[in-house]
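Have a look at target33.pdb below; it lists PDB, C-alpha atoms.
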```
ATOM      1  CA  MET A   1     -53.848 -54.586  28.840
ATOM      2  CA  HIS A   2     -54.686 -53.551  25.294
ATOM      3  CA  ILE A   3     -52.548 -50.509  24.423
ATOM      4  CA  PRO A   4     -54.521 -47.918  22.433
ATOM      5  CA  ASP A   5     -52.918 -45.749  19.758
ATOM      6  CA  GLY A   6     -51.250 -42.659  21.151
ATOM      7  CA  PHE A   7     -49.456 -44.239  24.112
ATOM      8  CA  LEU A   8     -46.453 -45.445  22.105
ATOM      9  CA  ASP A   9     -43.858 -43.739  19.953
ATOM     10  CA  PRO A  10     -44.633 -44.755  16.328
ATOM     11  CA  LYS A  11     -41.000 -45.849  15.922
ATOM     12  CA  ILE A  12     -41.447 -48.322  18.779
ATOM     13  CA  SER A  13     -44.869 -49.603  17.692
ATOM     14  CA  GLY A  14     -43.627 -49.946  14.106
ATOM     15  CA  GLY A  15     -40.545 -51.906  15.135
ATOM     16  CA  LEU A  16     -42.586 -54.172  17.382
ATOM     17  CA  ALA A  17     -45.082 -54.794  14.557
ATOM     18  CA  GLY A  18     -42.171 -55.987  12.421
ATOM     19  CA  ILE A  19     -40.912 -58.351  15.118
ATOM     20  CA  ALA A  20     -44.455 -59.609  15.718
ATOM     21  CA  ALA A  21     -44.866 -60.360  11.994
ATOM     22  CA  VAL A  22     -41.652 -62.405  11.956
ATOM     23  CA  VAL A  23     -42.571 -64.403  15.072
ATOM     24  CA  LEU A  24     -46.127 -65.067  13.866
ATOM     25  CA  SER A  25     -44.854 -66.230  10.457
ATOM     26  CA  TYR A  26     -42.608 -68.722  12.215
ATOM     27  CA  CYS A  27     -45.545 -69.887  14.363
ATOM     28  CA  PHE A  28     -47.676 -70.227  11.237
ATOM     29  CA  SER A  29     -45.079 -72.375   9.494
ATOM     30  CA  LYS A  30     -44.838 -74.643  12.562
ATOM     31  CA  VAL A  31     -48.617 -75.062  12.733
ATOM     32  CA  ARG A  32     -48.798 -75.665   8.973
ATOM     33  CA  GLN A  33     -46.240 -78.444   9.320
ATOM     34  CA  ALA A  34     -48.243 -80.024  12.114
ATOM     35  CA  VAL A  35     -51.659 -79.964  10.416
ATOM     36  CA  THR A  36     -50.587 -80.991   6.919
ATOM     37  CA  ALA A  37     -48.847 -83.970   5.426
ATOM     38  CA  VAL A  38     -47.003 -84.408   2.163
ATOM     39  CA  VAL A  39     -48.934 -86.864   0.035
ATOM     40  CA  PRO A  40     -47.689 -88.325  -3.255
ATOM     41  CA  GLU A  41     -49.675 -87.226  -6.297
ATOM     42  CA  ALA A  42     -50.321 -90.836  -7.208
ATOM     43  CA  ALA A  43     -52.205 -91.400  -3.950
ATOM     44  CA  LEU A  44     -54.305 -88.275  -4.496
ATOM     45  CA  ALA A  45     -55.112 -89.289  -8.057
ATOM     46  CA  ALA A  46     -56.229 -92.692  -6.842
ATOM     47  CA  ALA A  47     -58.533 -90.952  -4.334
ATOM     48  CA  GLY A  48     -60.049 -88.943  -7.199
ATOM     49  CA  LYS A  49     -58.694 -85.615  -5.897
ATOM     50  CA  GLY A  50     -57.118 -84.637  -9.235
ATOM     51  CA  ALA A  51     -53.370 -84.400  -9.651
ATOM     52  CA  GLN A  52     -52.685 -81.290 -11.664
ATOM     53  CA  SER A  53     -49.965 -79.762  -9.529
ATOM     54  CA  ILE A  54     -46.818 -78.806 -11.399
ATOM     55  CA  MET A  55     -44.887 -79.654  -8.267
ATOM     56  CA  VAL A  56     -43.205 -82.922  -8.967
ATOM     57  CA  GLY A  57     -44.505 -85.968  -7.218
ATOM     58  CA  SER A  58     -46.260 -84.733  -4.121
ATOM     59  CA  ARG A  59     -48.120 -81.926  -2.373
ATOM     60  CA  ARG A  60     -49.250 -80.840   1.071
ATOM     61  CA  VAL A  61     -52.757 -81.619   2.216
ATOM     62  CA  LEU A  62     -54.586 -80.990   5.461
ATOM     63  CA  THR A  63     -54.690 -84.149   7.564
ATOM     64  CA  LYS A  64     -57.756 -85.429   9.447
ATOM     65  CA  PHE A  65     -56.017 -84.367  12.655
ATOM     66  CA  GLY A  66     -55.342 -80.974  11.066
ATOM     67  CA  GLN A  67     -59.017 -80.444  10.285
ATOM     68  CA  SER A  68     -60.145 -81.072  13.833
ATOM     69  CA  PHE A  69     -57.163 -79.132  15.195
ATOM     70  CA  ILE A  70     -58.108 -75.979  13.269
ATOM     71  CA  LEU A  71     -61.657 -76.232  14.595
ATOM     72  CA  LYS A  72     -60.215 -76.657  18.087
ATOM     73  CA  MET A  73     -58.202 -73.465  17.526
ATOM     74  CA  GLY A  74     -61.474 -71.720  16.643
ATOM     75  CA  ALA A  75     -63.129 -73.002  19.811
ATOM     76  CA  VAL A  76     -60.218 -71.811  21.975
ATOM     77  CA  ALA A  77     -60.191 -68.427  20.196
ATOM     78  CA  SER A  78     -63.886 -67.876  20.844
ATOM     79  CA  LEU A  79     -63.543 -69.016  24.458
ATOM     80  CA  VAL A  80     -60.611 -66.645  25.116
ATOM     81  CA  PHE A  81     -62.421 -63.793  23.378
ATOM     82  CA  ALA A  82     -65.577 -64.356  25.428
ATOM     83  CA  ALA A  83     -63.667 -64.720  28.697
ATOM     84  CA  GLN A  84     -61.751 -61.497  28.018
ATOM     85  CA  MET A  85     -65.068 -59.631  28.058
ATOM     86  CA  PHE A  86     -65.536 -60.524  31.703
ATOM     87  CA  ASN A  87     -63.829 -57.733  33.655
ATOM     88  CA  PHE A  88     -63.455 -58.732  37.296
ATOM     89  CA  PRO A  89     -63.076 -56.018  39.915
ATOM     90  CA  ILE A  90     -59.857 -55.782  41.891
ATOM     91  CA  ASN A  91     -58.875 -53.145  44.463
ATOM     92  CA  SER A  92     -59.517 -49.379  44.295
ATOM     93  CA  GLY A  93     -61.688 -48.855  41.243
ATOM     94  CA  THR A  94     -59.670 -51.074  38.954
ATOM     95  CA  SER A  95     -60.649 -54.151  37.006
ATOM     96  CA  GLY A  96     -58.777 -56.844  35.176
ATOM     97  CA  HIS A  97     -59.570 -59.426  32.562
ATOM     98  CA  LEU A  98     -58.152 -62.693  31.311
ATOM     99  CA  LEU A  99     -55.307 -62.563  28.784
ATOM    100  CA  GLY A 100     -55.635 -66.269  28.025
ATOM    101  CA  GLY A 101     -52.134 -66.779  26.656
ATOM    102  CA  VAL A 102     -51.234 -69.695  28.912
ATOM    103  CA  LEU A 103     -54.702 -71.227  28.494
ATOM    104  CA  ALA A 104     -54.395 -71.197  24.700
ATOM    105  CA  ALA A 105     -50.781 -72.405  24.705
ATOM    106  CA  VAL A 106     -51.430 -75.279  27.114
ATOM    107  CA  LEU A 107     -54.491 -76.413  25.144
ATOM    108  CA  LEU A 108     -53.032 -75.975  21.644
ATOM    109  CA  GLY A 109     -49.260 -75.860  22.008
ATOM    110  CA  PRO A 110     -47.082 -72.728  21.908
ATOM    111  CA  PHE A 111     -47.308 -71.948  18.190
ATOM    112  CA  ALA A 112     -51.027 -72.428  17.606
ATOM    113  CA  GLY A 113     -51.664 -70.847  21.017
ATOM    114  CA  SER A 114     -49.873 -67.623  20.173
ATOM    115  CA  LEU A 115     -51.514 -67.511  16.731
ATOM    116  CA  VAL A 116     -54.925 -67.782  18.398
ATOM    117  CA  ILE A 117     -54.152 -64.952  20.848
ATOM    118  CA  ALA A 118     -52.851 -62.818  17.953
ATOM    119  CA  ALA A 119     -56.094 -63.502  16.043
ATOM    120  CA  VAL A 120     -58.135 -62.453  19.087
ATOM    121  CA  LEU A 121     -56.111 -59.216  19.413
ATOM    122  CA  LEU A 122     -56.501 -58.488  15.694
ATOM    123  CA  VAL A 123     -60.283 -58.906  15.777
ATOM    124  CA  GLN A 124     -60.591 -56.881  18.996
ATOM    125  CA  SER A 125     -58.615 -54.042  17.432
ATOM    126  CA  PHE A 126     -60.342 -54.079  14.005
ATOM    127  CA  PHE A 127     -63.941 -54.615  15.068
ATOM    128  CA  PHE A 128     -64.128 -53.403  18.661
ATOM    129  CA  ALA A 129     -61.457 -50.637  18.735
ATOM    130  CA  ASP A 130     -60.049 -52.483  21.784
ATOM    131  CA  GLY A 131     -56.318 -51.890  21.337
ATOM    132  CA  GLY A 132     -54.902 -49.551  18.713
ATOM    133  CA  LEU A 133     -54.142 -50.344  15.081
ATOM    134  CA  LEU A 134     -50.564 -49.012  15.224
ATOM    135  CA  ALA A 135     -50.154 -50.588  18.662
ATOM    136  CA  LEU A 136     -51.325 -54.004  17.413
ATOM    137  CA  GLY A 137     -47.742 -55.222  17.015
ATOM    138  CA  ALA A 138     -46.916 -54.171  20.578
ATOM    139  CA  ASN A 139     -50.043 -55.868  21.913
ATOM    140  CA  ILE A 140     -49.176 -59.066  20.026
ATOM    141  CA  ILE A 141     -45.643 -58.984  21.470
ATOM    142  CA  ASN A 142     -46.996 -58.485  25.013
ATOM    143  CA  MET A 143     -49.887 -60.916  25.073
ATOM    144  CA  ALA A 144     -49.260 -63.447  22.281
ATOM    145  CA  VAL A 145     -45.445 -63.698  22.249
ATOM    146  CA  PHE A 146     -44.672 -63.170  25.953
ATOM    147  CA  GLY A 147     -48.150 -64.130  27.201
ATOM    148  CA  ALA A 148     -48.449 -67.367  25.238
ATOM    149  CA  LEU A 149     -45.306 -68.455  23.365
ATOM    150  CA  ILE A 150     -42.645 -67.696  25.989
ATOM    151  CA  SER A 151     -44.966 -68.486  28.903
ATOM    152  CA  TYR A 152     -45.510 -71.941  27.436
ATOM    153  CA  TYR A 153     -41.835 -72.796  27.893
ATOM    154  CA  ILE A 154     -41.996 -71.513  31.461
ATOM    155  CA  TYR A 155     -44.957 -73.864  31.978
ATOM    156  CA  VAL A 156     -42.977 -76.758  30.476
ATOM    157  CA  SER A 157     -40.002 -76.167  32.771
ATOM    158  CA  LEU A 158     -42.249 -75.748  35.818
ATOM    159  CA  LYS A 159     -44.015 -78.997  34.988
ATOM    160  CA  LYS A 160     -40.755 -80.890  35.558
ATOM    161  CA  PHE A 161     -40.849 -79.969  39.256
ATOM    162  CA  PHE A 162     -44.524 -79.349  40.048
ATOM    163  CA  PRO A 163     -47.848 -81.010  39.268
ATOM    164  CA  GLU A 164     -49.540 -79.854  36.071
ATOM    165  CA  TRP A 165     -52.206 -77.701  37.753
ATOM    166  CA  LEU A 166     -49.619 -75.776  39.752
ATOM    167  CA  ALA A 167     -47.374 -75.297  36.712
ATOM    168  CA  ILE A 168     -50.337 -73.887  34.774
ATOM    169  CA  MET A 169     -51.317 -71.489  37.565
ATOM    170  CA  VAL A 170     -47.781 -70.208  38.189
ATOM    171  CA  ALA A 171     -47.141 -69.826  34.446
ATOM    172  CA  ALA A 172     -50.444 -67.940  34.075
ATOM    173  CA  TRP A 173     -49.480 -65.529  36.868
ATOM    174  CA  LEU A 174     -45.997 -65.053  35.409
ATOM    175  CA  SER A 175     -47.443 -64.479  31.926
ATOM    176  CA  VAL A 176     -49.418 -61.480  33.202
ATOM    177  CA  MET A 177     -46.373 -60.172  35.085
ATOM    178  CA  MET A 178     -44.169 -60.481  31.989
ATOM    179  CA  ALA A 179     -46.759 -58.909  29.677
ATOM    180  CA  SER A 180     -47.266 -55.967  32.043
ATOM    181  CA  PHE A 181     -43.499 -55.517  32.449
ATOM    182  CA  ILE A 182     -42.902 -55.473  28.690
ATOM    183  CA  CYS A 183     -45.899 -53.163  28.246
ATOM    184  CA  ALA A 184     -44.380 -50.811  30.848
ATOM    185  CA  LEU A 185     -41.044 -50.895  28.999
ATOM    186  CA  GLU A 186     -42.784 -49.908  25.759
ATOM    187  CA  ILE A 187     -44.653 -47.039  27.405
ATOM    188  CA  GLY A 188     -41.545 -45.939  29.313
ATOM    189  CA  PHE A 189     -39.228 -45.981  26.301
ATOM    190  CA  SER A 190     -41.873 -44.065  24.315
ATOM    191  CA  GLY A 191     -41.414 -41.238  26.815
ATOM    192  CA  THR A 192     -45.098 -41.264  27.783
ATOM    193  CA  ILE A 193     -44.209 -41.503  31.487
ATOM    194  CA  PRO A 194     -40.827 -42.144  33.165
ATOM    195  CA  LEU A 195     -39.681 -45.750  32.801
ATOM    196  CA  GLY A 196     -39.402 -46.485  36.526
ATOM    197  CA  THR A 197     -42.880 -45.112  37.219
ATOM    198  CA  ALA A 198     -44.362 -47.169  34.389
ATOM    199  CA  ILE A 199     -42.743 -50.401  35.578
ATOM    200  CA  SER A 200     -43.666 -50.072  39.243
ATOM    201  CA  ALA A 201     -47.253 -49.007  38.521
ATOM    202  CA  MET A 202     -47.945 -51.656  35.865
ATOM    203  CA  VAL A 203     -46.287 -54.583  37.617
ATOM    204  CA  ARG A 204     -47.870 -53.791  40.996
ATOM    205  CA  VAL A 205     -51.457 -53.706  39.689
ATOM    206  CA  HIS A 206     -50.926 -56.772  37.494
ATOM    207  CA  ALA A 207     -49.531 -58.832  40.370
ATOM    208  CA  ILE A 208     -53.142 -58.943  41.606
ATOM    209  CA  ILE A 209     -54.747 -59.313  38.175
ATOM    210  CA  GLY A 210     -52.388 -62.243  37.576
ATOM    211  CA  LEU A 211     -53.890 -64.138  40.531
ATOM    212  CA  ALA A 212     -57.298 -64.026  38.849
ATOM    213  CA  GLU A 213     -55.659 -65.023  35.563
ATOM    214  CA  ALA A 214     -54.272 -68.125  37.293
ATOM    215  CA  LEU A 215     -57.669 -69.070  38.765
ATOM    216  CA  ILE A 216     -59.631 -68.511  35.540
ATOM    217  CA  THR A 217     -56.987 -70.319  33.472
ATOM    218  CA  ILE A 218     -57.060 -73.472  35.610
ATOM    219  CA  ALA A 219     -60.886 -73.436  35.756
ATOM    220  CA  LEU A 220     -61.290 -73.118  31.972
ATOM    221  CA  PHE A 221     -58.472 -75.635  31.402
ATOM    222  CA  ASN A 222     -60.232 -78.241  33.541
ATOM    223  CA  LEU A 223     -63.542 -77.573  31.791
ATOM    224  CA  PHE A 224     -61.900 -77.904  28.391
ATOM    225  CA  ARG A 225     -60.106 -81.123  29.299
ATOM    226  CA  GLN A 226     -63.340 -82.653  30.616
ATOM    227  CA  VAL A 227     -65.090 -81.948  27.355
ATOM    228  CA  MET A 228     -62.140 -82.696  25.112
ATOM    229  CA  PRO A 229     -59.487 -85.158  26.317
ATOM    230  CA  ALA A 230     -55.810 -84.354  25.744
ATOM    231  CA  GLN A 231     -54.800 -84.396  22.111
ATOM    232  CA  GLU A 232     -51.537 -83.942  20.332
ATOM    233  CA  GLU A 233     -50.196 -80.411  20.452
ATOM    234  CA  THR A 234     -48.251 -78.621  17.753
TER     235      THR A 234
ATOM    236  CA  MET B   1     -67.663 -82.374  22.076
ATOM    237  CA  MET B   2     -66.666 -79.113  20.489
ATOM    238  CA  LYS B   3     -70.296 -77.969  20.734
ATOM    239  CA  LYS B   4     -70.079 -77.755  24.517
ATOM    240  CA  ILE B   5     -67.077 -75.401  24.318
ATOM    241  CA  ILE B   6     -68.839 -73.242  21.731
ATOM    242  CA  PHE B   7     -71.959 -73.164  23.899
ATOM    243  CA  LEU B   8     -69.823 -72.159  26.896
ATOM    244  CA  ALA B   9     -68.146 -69.365  24.916
ATOM    245  CA  ILE B  10     -71.504 -67.980  23.754
ATOM    246  CA  LEU B  11     -72.859 -68.231  27.291
ATOM    247  CA  ILE B  12     -69.878 -66.329  28.738
ATOM    248  CA  ALA B  13     -70.059 -63.678  25.993
ATOM    249  CA  ALA B  14     -73.789 -63.203  26.594
ATOM    250  CA  LEU B  15     -73.535 -63.001  30.383
ATOM    251  CA  ALA B  16     -70.176 -61.238  30.781
ATOM    252  CA  ALA B  17     -71.675 -57.787  30.199
ATOM    253  CA  PHE B  18     -74.158 -58.179  33.040
ATOM    254  CA  PHE B  19     -71.527 -59.124  35.613
ATOM    255  CA  ALA B  20     -68.407 -57.384  34.315
ATOM    256  CA  SER B  21     -66.860 -54.564  36.316
ATOM    257  CA  SER B  22     -67.088 -51.215  34.543
ATOM    258  CA  HIS B  23     -63.897 -49.953  36.198
ATOM    259  CA  PRO B  24     -60.872 -49.326  33.941
ATOM    260  CA  ASP B  25     -58.508 -52.278  33.538
ATOM    261  CA  GLY B  26     -54.929 -52.316  34.836
ATOM    262  CA  LEU B  27     -53.340 -50.344  32.007
ATOM    263  CA  ASP B  28     -56.224 -47.852  31.712
ATOM    264  CA  LYS B  29     -56.101 -47.241  35.461
ATOM    265  CA  VAL B  30     -52.359 -46.552  35.307
ATOM    266  CA  ALA B  31     -52.990 -44.209  32.368
ATOM    267  CA  GLU B  32     -55.615 -42.333  34.394
ATOM    268  CA  SER B  33     -53.504 -42.141  37.550
ATOM    269  CA  PHE B  34     -50.459 -40.795  35.724
ATOM    270  CA  GLY B  35     -52.400 -38.482  33.455
ATOM    271  CA  PHE B  36     -51.761 -39.922  30.020
ATOM    272  CA  ALA B  37     -55.200 -41.474  29.475
ATOM    273  CA  GLU B  38     -56.223 -38.557  27.247
ATOM    274  CA  LYS B  39     -53.369 -39.403  24.866
ATOM    275  CA  ALA B  40     -55.353 -42.433  23.665
ATOM    276  CA  ILE B  41     -56.636 -42.099  20.110
ATOM    277  CA  ASP B  42     -59.599 -44.367  19.318
ATOM    278  CA  HIS B  43     -59.859 -45.418  15.713
ATOM    279  CA  PRO B  44     -63.322 -45.878  14.222
ATOM    280  CA  ALA B  45     -64.558 -49.462  14.374
ATOM    281  CA  PHE B  46     -67.817 -51.292  13.765
ATOM    282  CA  MET B  47     -68.479 -52.212  17.397
ATOM    283  CA  THR B  48     -66.473 -49.627  19.347
ATOM    284  CA  GLY B  49     -66.634 -50.266  23.070
ATOM    285  CA  TYR B  50     -68.263 -53.670  22.530
ATOM    286  CA  SER B  51     -71.676 -52.344  21.602
ATOM    287  CA  LEU B  52     -73.631 -52.595  18.398
ATOM    288  CA  PRO B  53     -74.010 -49.352  16.417
ATOM    289  CA  PHE B  54     -77.771 -49.724  15.979
ATOM    290  CA  LEU B  55     -78.590 -50.570  19.604
ATOM    291  CA  PRO B  56     -78.361 -48.111  22.495
ATOM    292  CA  ALA B  57     -75.180 -48.780  24.488
ATOM    293  CA  GLY B  58     -75.907 -51.096  27.393
ATOM    294  CA  HIS B  59     -75.677 -54.656  28.616
ATOM    295  CA  ILE B  60     -77.882 -56.078  25.833
ATOM    296  CA  SER B  61     -75.876 -54.341  23.126
ATOM    297  CA  THR B  62     -72.607 -55.622  24.644
ATOM    298  CA  ALA B  63     -73.965 -59.151  24.946
ATOM    299  CA  ALA B  64     -75.005 -59.069  21.278
ATOM    300  CA  ALA B  65     -71.594 -57.734  20.242
ATOM    301  CA  GLY B  66     -69.919 -60.499  22.272
ATOM    302  CA  ILE B  67     -72.019 -63.218  20.646
ATOM    303  CA  ILE B  68     -71.239 -61.788  17.196
ATOM    304  CA  GLY B  69     -67.536 -61.867  18.111
ATOM    305  CA  VAL B  70     -67.688 -65.512  19.204
ATOM    306  CA  LEU B  71     -69.557 -66.511  16.030
ATOM    307  CA  PHE B  72     -67.015 -64.575  13.970
ATOM    308  CA  PHE B  73     -64.134 -66.647  15.377
ATOM    309  CA  LEU B  74     -66.003 -69.895  14.718
ATOM    310  CA  GLY B  75     -66.668 -68.795  11.147
ATOM    311  CA  LEU B  76     -63.097 -67.603  10.657
ATOM    312  CA  PHE B  77     -61.503 -70.905  11.662
ATOM    313  CA  GLN B  78     -64.163 -72.933   9.830
ATOM    314  CA  GLY B  79     -63.242 -70.867   6.773
ATOM    315  CA  ILE B  80     -59.521 -71.521   7.269
ATOM    316  CA  LYS B  81     -60.236 -75.235   7.517
ATOM    317  CA  ILE B  82     -62.310 -75.234   4.324
ATOM    318  CA  PHE B  83     -59.707 -73.105   2.516
ATOM    319  CA  PHE B  84     -56.871 -75.490   3.277
ATOM    320  CA  SER B  85     -58.956 -78.641   2.765
ATOM    321  CA  ALA B  86     -59.911 -77.607  -0.731
ATOM    322  CA  ARG B  87     -56.388 -77.492  -2.090
TER     323      ARG B  87
END
```
Kindly transcribe the structure held in the file into structure tokens.
Amino acid sequence: MHIPDGFLDPKISGGLAGIAAVVLSYCFSKVRQAVTAVVPEAALAAAGKGAQSIMVGSRRVLTKFGQSFILKMGAVASLVFAAQMFNFPINSGTSGHLLGGVLAAVLLGPFAGSLVIAAVLLVQSFFFADGGLLALGANIINMAVFGALISYYIYVSLKKFFPEWLAIMVAAWLSVMMASFICALEIGFSGTIPLGTAISAMVRVHAIIGLAEALITIALFNLFRQVMPAQEET
Amino acid sequence: MMKKIIFLAILIAALAAFFASSHPDGLDKVAESFGFAEKAIDHPAFMTGYSLPFLPAGHISTAAAGIIGVLFFLGLFQGIKIFFSAR
């Protein structure tokens, strides 16, 4: 669902890039809080780490948990990137691929999860020309903000009523539906095709792609949890 | 522990090309059906279309590009960890 350049009105892609930057900054600050701790200078000096900061009294350092968490983010990013390369066939000459938003958010928490998806989209656009440069903000809104961040809270509310596996699968399906709906709105409001046409065409095809998203998400989630037991999320 | 996930990611990236469907994905299909596919402007990139510039386009080239991508993410986050640890 990577939008290339040319599909969107530059006013829309520019505005969405601005919103994406604000949301990602907030996510970054939340993750930073979770992986660092404020340590008094005296303690650092005692550990031989040198206390030259002008900041009075204390500074932020990466915790042990933070170190392993960042590496876990890297592992999830590479797994999502690799899985996105696997295009599965659906009906009538169409294929789909994993978005991975719910997978990343369930494994890492909503903030780190959406940062990881945004990083994947950035690398795909810069190095593989998969998704446009101007459209990067729109793609981040669709797949990282709606696909991971907002979908995570849907997963959390579903988990109150359903078992975890079902909540993950339903949230994964809904994440694809939401992303395709927002993507259709962007294309429709850009005047590329009429809004109603865009919505019905995008949502209909992604209702099927979403089923595969749900299956792949739960399979990779179970694999990941077997290898790496549940940890704190951010 | 993490090694198994990394191994899995490399394995998927290497094999995906051989099994992946070459049909357009959901959005591309909609773009083709409603006649706005030709509006797409591709910017130049190092591995456009997931294939290496110095290998003929094909499954092997895509597999290599995928493995490079996976290794890039591992390096990127390792770098972030080192950057923030050093302060």
Legend entry - 9 Å contact set for Leu71 of chain B, all atoms listed in the file, chain neighbours under 6 positions out, as a list in words: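 Residues near the query, excluding close chain neighbours: Ser78 of chain A; Ile6 and Ile10 of chain B.
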Legend entry - Matched chain/residue IDs from the ChimeraX specification (/B :<7) & /A, as number ranges by chain: A: 1, 4-7, 61-62, 67, 70-71, 74-75, 77-79, 81-83, 85-89, 93-96, 126-129, 201-202, 205-206, 227-228
Writer output for current selection, C-alpha atoms, as a PDB file, in the frame of the given file:
```
ATOM      1  CA  MET A   1     -53.848 -54.586  28.840  1.00  0.00           C
ATOM      2  CA  PRO A   4     -54.521 -47.918  22.433  1.00  0.00           C
ATOM      3  CA  ASP A   5     -52.918 -45.749  19.758  1.00  0.00           C
ATOM      4  CA  GLY A   6     -51.250 -42.659  21.151  1.00  0.00           C
ATOM      5  CA  PHE A   7     -49.456 -44.239  24.112  1.00  0.00           C
ATOM      6  CA  VAL A  61     -52.757 -81.619   2.216  1.00  0.00           C
ATOM      7  CA  LEU A  62     -54.586 -80.990   5.461  1.00  0.00           C
ATOM      8  CA  GLN A  67     -59.017 -80.444  10.285  1.00  0.00           C
ATOM      9  CA  ILE A  70     -58.108 -75.979  13.269  1.00  0.00           C
ATOM     10  CA  LEU A  71     -61.657 -76.232  14.595  1.00  0.00           C
ATOM     11  CA  GLY A  74     -61.474 -71.720  16.643  1.00  0.00           C
ATOM     12  CA  ALA A  75     -63.129 -73.002  19.811  1.00  0.00           C
ATOM     13  CA  ALA A  77     -60.191 -68.427  20.196  1.00  0.00           C
ATOM     14  CA  SER A  78     -63.886 -67.876  20.844  1.00  0.00           C
ATOM     15  CA  LEU A  79     -63.543 -69.016  24.458  1.00  0.00           C
ATOM     16  CA  PHE A  81     -62.421 -63.793  23.378  1.00  0.00           C
ATOM     17  CA  ALA A  82     -65.577 -64.356  25.428  1.00  0.00           C
ATOM     18  CA  ALA A  83     -63.667 -64.720  28.697  1.00  0.00           C
ATOM     19  CA  MET A  85     -65.068 -59.631  28.058  1.00  0.00           C
ATOM     20  CA  PHE A  86     -65.536 -60.524  31.703  1.00  0.00           C
ATOM     21  CA  ASN A  87     -63.829 -57.733  33.655  1.00  0.00           C
ATOM     22  CA  PHE A  88     -63.455 -58.732  37.296  1.00  0.00           C
ATOM     23  CA  PRO A  89     -63.076 -56.018  39.915  1.00  0.00           C
ATOM     24  CA  GLY A  93     -61.688 -48.855  41.243  1.00  0.00           C
ATOM     25  CA  THR A  94     -59.670 -51.074  38.954  1.00  0.00           C
ATOM     26  CA  SER A  95     -60.649 -54.151  37.006  1.00  0.00           C
ATOM     27  CA  GLY A  96     -58.777 -56.844  35.176  1.00  0.00           C
ATOM     28  CA  PHE A 126     -60.342 -54.079  14.005  1.00  0.00           C
ATOM     29  CA  PHE A 127     -63.941 -54.615  15.068  1.00  0.00           C
ATOM     30  CA  PHE A 128     -64.128 -53.403  18.661  1.00  0.00           C
ATOM     31  CA  ALA A 129     -61.457 -50.637  18.735  1.00  0.00           C
ATOM     32  CA  ALA A 201     -47.253 -49.007  38.521  1.00  0.00           C
ATOM     33  CA  MET A 202     -47.945 -51.656  35.865  1.00  0.00           C
ATOM     34  CA  VAL A 205     -51.457 -53.706  39.689  1.00  0.00           C
ATOM     35  CA  HIS A 206     -50.926 -56.772  37.494  1.00  0.00           C
ATOM     36  CA  VAL A 227     -65.090 -81.948  27.355  1.00  0.00           C
ATOM     37  CA  MET A 228     -62.140 -82.696  25.112  1.00  0.00           C
TER      38      MET A 228
END
```
Inset, instruction - Enter the distance from atom CA of Val145 of chain A to atom CA of Leu166 of chain A, in Å, rounded to one decimal. - result: 21.7 Å
Legend entry - Among listed residues A:Ile117, A:Ala138, A:Ala212, A:Ile218, nearest Gly14 of chain A (using only C-alpha atoms):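 Ranked by minimum distance to Gly14 of chain A, first place goes to A:Ala138.
Take atom CA of Gly188 of chain A and atom CA of Ile141 of chain A: the distance between them is 15.8 Å.
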Legend entry - Picked residues, the PyMOL selection byres ((chain A and resi 105-111) around 10), expected as number ranges by chain: A: 23-31, 69-70, 72-73, 76, 100-104, 112-117, 144-145, 147-153, 155-156, 168, 217, 221, 224-225, 228, 230-234
Any chance you could export the current selection's C-alpha atoms as a compact mmCIF listing (two decimals), in the frame of the given file?
```
# COMPACT_ATOMS: atom_id res chain seq x y z
CA VAL A 23 -42.57 -64.40 15.07
CA LEU A 24 -46.13 -65.07 13.87
CA SER A 25 -44.85 -66.23 10.46
CA TYR A 26 -42.61 -68.72 12.22
CA CYS A 27 -45.54 -69.89 14.36
CA PHE A 28 -47.68 -70.23 11.24
CA SER A 29 -45.08 -72.38 9.49
CA LYS A 30 -44.84 -74.64 12.56
CA VAL A 31 -48.62 -75.06 12.73
CA PHE A 69 -57.16 -79.13 15.20
CA ILE A 70 -58.11 -75.98 13.27
CA LYS A 72 -60.22 -76.66 18.09
CA MET A 73 -58.20 -73.46 17.53
CA VAL A 76 -60.22 -71.81 21.98
CA GLY A 100 -55.64 -66.27 28.02
CA GLY A 101 -52.13 -66.78 26.66
CA VAL A 102 -51.23 -69.69 28.91
CA LEU A 103 -54.70 -71.23 28.49
CA ALA A 104 -54.40 -71.20 24.70
CA ALA A 112 -51.03 -72.43 17.61
CA GLY A 113 -51.66 -70.85 21.02
CA SER A 114 -49.87 -67.62 20.17
CA LEU A 115 -51.51 -67.51 16.73
CA VAL A 116 -54.92 -67.78 18.40
CA ILE A 117 -54.15 -64.95 20.85
CA ALA A 144 -49.26 -63.45 22.28
CA VAL A 145 -45.44 -63.70 22.25
CA GLY A 147 -48.15 -64.13 27.20
CA ALA A 148 -48.45 -67.37 25.24
CA LEU A 149 -45.31 -68.46 23.36
CA ILE A 150 -42.64 -67.70 25.99
CA SER A 151 -44.97 -68.49 28.90
CA TYR A 152 -45.51 -71.94 27.44
CA TYR A 153 -41.84 -72.80 27.89
CA TYR A 155 -44.96 -73.86 31.98
CA VAL A 156 -42.98 -76.76 30.48
CA ILE A 168 -50.34 -73.89 34.77
CA THR A 217 -56.99 -70.32 33.47
CA PHE A 221 -58.47 -75.64 31.40
CA PHE A 224 -61.90 -77.90 28.39
CA ARG A 225 -60.11 -81.12 29.30
CA MET A 228 -62.14 -82.70 25.11
CA ALA A 230 -55.81 -84.35 25.74
CA GLN A 231 -54.80 -84.40 22.11
CA GLU A 232 -51.54 -83.94 20.33
CA GLU A 233 -50.20 -80.41 20.45
CA THR A 234 -48.25 -78.62 17.75
```
